[in-house]
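Notes to accompany the following structure.
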Amino acid sequence: MLLRQRPPTPPAQTRPAAIRVVTAGLVLPLLVSLAGCNGQRLQPMLRPLEGTVYIAVGVSEDAIDGELQKEIRARTAMLQTTFRTLQPKIRLQVEVFPEENLPNELRLRNSTGLSPDLLLVNESTARDLVRERLIDTVSFPAALLEQLDAGSVVRVRRTDGTLTGLPMELQPQVACFDRRRVDRSPATLSELLALSAKGMEVGLSLDAVNLAWTLGPLGAIDAVSSLLARQPVTPVTRQGLESWLSWLRQADQQQHVTFYPTEPELLKGLIAGTLDWIPCRSINLSRVKARLGKHMGVAPLPSGPHGSASPITRERVLAFGVNSSPVQRQLALALARFAISPLHQRDMILRSQFVLPVNREVAPPVRSSSVVAAMVVGRQQSMQRATIRLVEGSSKGQREAWQALLTRFLFDDLSPQATLTGLIELLSGGRSR
């Protein structure tokens, strides 16, 4: 469905003499005299912005449902409400799309001049869209970028200094459990299997992004990284993957451990009460909280003999469309700046507590929230093990083939040796020796 033709932006009106300016997240009164020559020069700067910002929100295709769309619109309404304290005449119009379909959707919209002004997408998606010239790169002052998470800025910065998007929020991966059935989340993978042997229903996903957290604890993350980097296959590489596959087999043989294709199926199981413990993305905690209430438990993912978990933290960025008029681009830039300001970032985490801020001036309230504390640990784990590089280094086809191989392996359709050979060939580009 195409966006409606945008109405012309109404002419701006003169700002009142007493205005409020948001700087570094603080609202300061600024009295300005518009009389005389100085007033004539200042007048264009003081006019309130007015118009509609068209926003496309990309989410995983298997995660789109009515409940998620309702949640996204509620979060957008929260942003608009706080933004109206600065710009009361700007409206937001939001549409939700499967992130996998965005390239085709943007080609169609760009050709008709109706591309969105802003896109909220995963950082890796923004990078791909820039490569295909489906969105614009942008520049922001160094002083503004210095406020943001350094790693996130590095990941969106191109060699020419422009950005594929502006980092907005972080979505760590954590463990979610039902406190009515689980007193304490397992701290290690051994404890996870021991508790499942006693009846705790565990759900795991075979999706590469959602299963990557097990690579670090089982000594396979370096093996996968080296294969994706086209490095020679060594005995250490094989041993790391063999240990990981052995643990997956051991887990699958547990009566109370079930593997699912995707994370949404895990969420449904936890909410319905058929599962007691799952790994989950922090952005999904709100729907779990809505169903489990005070019984929702959140904790860091278990460690293993080779160290801590290696979850992937999703980094969400604001990207910019190619068809925006100068006025629309001004509106989009104003909204993006506000979205990363300490004012909104602090409000965002205090209201939801299901994402982490990218603005380093905003300290997550770890002492008052066990959920936020678990997310902070999840973020630290992902930075220590750099698991996100595994997704960056692999294609969608490789990740789908990875899942197919593991599914056949757990259904005894492939032997451990054949699965190992298949993974090595898949990740190393066909080199199994």
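Chain identifiers are assigned as A, B, and so on, following the order in which chains appear in the structure tokens; residues are numbered from 1 within each chain, and ligands are numbered from 1 in order of appearance.
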
Select from segment 213-280 of chain A everything DSSP, run on the backbone, classes as helix (DSSP H, G or I), then give the selection as a compact mmCIF listing (two decimals) with N, CA and C atoms, in the first residue's frame.
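Listing of selection-v5.txt after writing:
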# COMPACT_ATOMS: atom_id res chain seq x y z
N TRP A 213 24.37 -17.07 20.74
CA TRP A 213 24.81 -16.87 22.12
C TRP A 213 25.48 -18.11 22.71
N THR A 214 25.21 -19.29 22.15
CA THR A 214 25.81 -20.53 22.66
C THR A 214 27.22 -20.77 22.11
N ILE A 221 32.97 -19.83 18.88
CA ILE A 221 32.84 -18.52 18.24
C ILE A 221 34.06 -18.18 17.40
N ASP A 222 35.25 -18.52 17.89
CA ASP A 222 36.45 -18.24 17.11
C ASP A 222 36.49 -19.10 15.85
N ALA A 223 35.98 -20.33 15.96
CA ALA A 223 35.95 -21.21 14.80
C ALA A 223 35.06 -20.64 13.70
N VAL A 224 33.87 -20.19 14.08
CA VAL A 224 32.94 -19.63 13.09
C VAL A 224 33.52 -18.34 12.51
N SER A 225 34.10 -17.51 13.35
CA SER A 225 34.68 -16.25 12.88
C SER A 225 35.80 -16.49 11.88
N SER A 226 36.67 -17.44 12.17
CA SER A 226 37.79 -17.71 11.27
C SER A 226 37.31 -18.27 9.93
N LEU A 227 36.28 -19.10 9.96
CA LEU A 227 35.75 -19.64 8.70
C LEU A 227 35.13 -18.55 7.85
N LEU A 228 34.37 -17.66 8.46
CA LEU A 228 33.77 -16.56 7.70
C LEU A 228 34.82 -15.63 7.14
N PRO A 235 42.74 -27.97 13.02
CA PRO A 235 42.15 -28.89 14.00
C PRO A 235 41.42 -28.17 15.13
N VAL A 236 41.91 -26.98 15.51
CA VAL A 236 41.25 -26.21 16.56
C VAL A 236 39.87 -25.76 16.09
N THR A 237 39.78 -25.37 14.82
CA THR A 237 38.49 -24.97 14.25
C THR A 237 37.50 -26.11 14.31
N ARG A 238 37.96 -27.29 13.88
CA ARG A 238 37.09 -28.46 13.90
C ARG A 238 36.66 -28.82 15.32
N GLN A 239 37.62 -28.76 16.25
CA GLN A 239 37.32 -29.13 17.62
C GLN A 239 36.27 -28.20 18.23
N GLY A 240 36.38 -26.88 17.93
CA GLY A 240 35.41 -25.93 18.46
C GLY A 240 34.00 -26.23 17.96
N LEU A 241 33.87 -26.50 16.67
CA LEU A 241 32.55 -26.81 16.11
C LEU A 241 32.03 -28.15 16.60
N GLU A 242 32.92 -29.13 16.75
CA GLU A 242 32.50 -30.44 17.25
C GLU A 242 31.94 -30.35 18.67
N SER A 243 32.61 -29.55 19.52
CA SER A 243 32.13 -29.39 20.90
C SER A 243 30.75 -28.74 20.92
N TRP A 244 30.58 -27.76 20.06
CA TRP A 244 29.29 -27.05 19.99
C TRP A 244 28.18 -27.98 19.51
N LEU A 245 28.45 -28.75 18.44
CA LEU A 245 27.45 -29.69 17.92
C LEU A 245 27.13 -30.77 18.95
N SER A 246 28.14 -31.19 19.69
CA SER A 246 27.93 -32.21 20.71
C SER A 246 26.99 -31.70 21.79
N TRP A 247 27.14 -30.43 22.18
CA TRP A 247 26.25 -29.89 23.22
C TRP A 247 24.82 -29.76 22.67
N LEU A 248 24.68 -29.33 21.43
CA LEU A 248 23.34 -29.23 20.83
C LEU A 248 22.66 -30.60 20.82
N ARG A 249 23.42 -31.65 20.47
CA ARG A 249 22.87 -33.00 20.48
C ARG A 249 22.46 -33.41 21.89
N GLN A 250 23.33 -33.10 22.85
CA GLN A 250 23.03 -33.43 24.24
C GLN A 250 21.76 -32.72 24.71
N ALA A 251 21.64 -31.44 24.36
CA ALA A 251 20.45 -30.68 24.74
C ALA A 251 19.20 -31.24 24.08
N ASP A 252 19.31 -31.60 22.81
CA ASP A 252 18.15 -32.11 22.08
C ASP A 252 17.66 -33.43 22.64
N GLU A 263 12.34 -17.21 17.06
CA GLU A 263 12.09 -16.67 18.39
C GLU A 263 10.60 -16.44 18.68
N PRO A 264 9.79 -15.93 17.73
CA PRO A 264 8.37 -15.74 18.05
C PRO A 264 7.69 -16.99 18.59
N GLU A 265 8.11 -18.16 18.11
CA GLU A 265 7.52 -19.40 18.63
C GLU A 265 7.93 -19.64 20.08
N LEU A 266 9.14 -19.23 20.44
CA LEU A 266 9.57 -19.32 21.84
C LEU A 266 8.71 -18.41 22.71
N LEU A 267 8.48 -17.20 22.24
CA LEU A 267 7.69 -16.24 23.00
C LEU A 267 6.27 -16.75 23.23
N LYS A 268 5.68 -17.32 22.19
CA LYS A 268 4.32 -17.86 22.33
C LYS A 268 4.30 -18.98 23.36
N GLY A 269 5.34 -19.82 23.36
CA GLY A 269 5.39 -20.91 24.32
C GLY A 269 5.53 -20.43 25.75
N LEU A 270 6.36 -19.40 25.96
CA LEU A 270 6.53 -18.87 27.31
C LEU A 270 5.24 -18.21 27.80
N ILE A 271 4.61 -17.44 26.92
CA ILE A 271 3.37 -16.75 27.29
C ILE A 271 2.24 -17.75 27.56
N ALA A 272 2.21 -18.82 26.78
CA ALA A 272 1.14 -19.82 26.93
C ALA A 272 1.38 -20.76 28.10

Query raised in the report: If you run DSSP on the backbone, which residues of segment 144-273 of chain A are strand (DSSP E or B), as a VMD selection string?
Result: chain A and resid 148 157 163 166 to 171 173 to 178 188 202 to 205 257 to 260

Could the residues in this selection be written to a file with C-alpha atoms, as a JSON list (two decimals), in the first residue's frame?
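Output file part22.json is given in full below:
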[["chain", "number", "residue", "atom", "x", "y", "z"],
["A", 148, "LEU", "CA", 26.67, 8.35, 21.51],
["A", 157, "ARG", "CA", 30.36, 5.48, 9.78],
["A", 163, "LEU", "CA", 26.74, 7.77, 8.24],
["A", 166, "LEU", "CA", 21.97, 7.62, 13.33],
["A", 167, "PRO", "CA", 22.12, 5.07, 16.20],
["A", 168, "MET", "CA", 18.99, 5.30, 18.34],
["A", 169, "GLU", "CA", 18.66, 2.29, 20.66],
["A", 170, "LEU", "CA", 20.19, -1.04, 21.64],
["A", 171, "GLN", "CA", 18.26, -4.32, 21.98],
["A", 173, "GLN", "CA", 19.50, -10.59, 24.16],
["A", 174, "VAL", "CA", 18.72, -11.99, 27.62],
["A", 175, "ALA", "CA", 17.10, -14.99, 29.30],
["A", 176, "CYS", "CA", 13.35, -14.81, 30.02],
["A", 177, "PHE", "CA", 11.62, -17.18, 32.40],
["A", 178, "ASP", "CA", 8.44, -17.74, 34.38],
["A", 188, "THR", "CA", 25.76, -22.01, 33.25],
["A", 202, "VAL", "CA", 13.48, -25.00, 27.91],
["A", 203, "GLY", "CA", 12.97, -23.52, 24.45],
["A", 204, "LEU", "CA", 15.85, -22.76, 22.05],
["A", 205, "SER", "CA", 15.79, -21.37, 18.51],
["A", 257, "VAL", "CA", 14.44, -29.11, 25.84],
["A", 258, "THR", "CA", 12.72, -28.22, 22.57],
["A", 259, "PHE", "CA", 14.24, -26.51, 19.52],
["A", 260, "TYR", "CA", 12.03, -24.14, 17.50]]

Query - For Lys198 of chain A, the nearest of the candidates A:Arg316, A:Arg179, A:Arg158, A:His256, counting only C-alpha atoms - result: A:His256

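Minimum atom-to-atom distances from A:Asp207, A:Asp276, A:Asp128, A:Asp136 to Asn110 of chain A were compared using only C-alpha atoms, and the lowest value belongs to A:Asp136.
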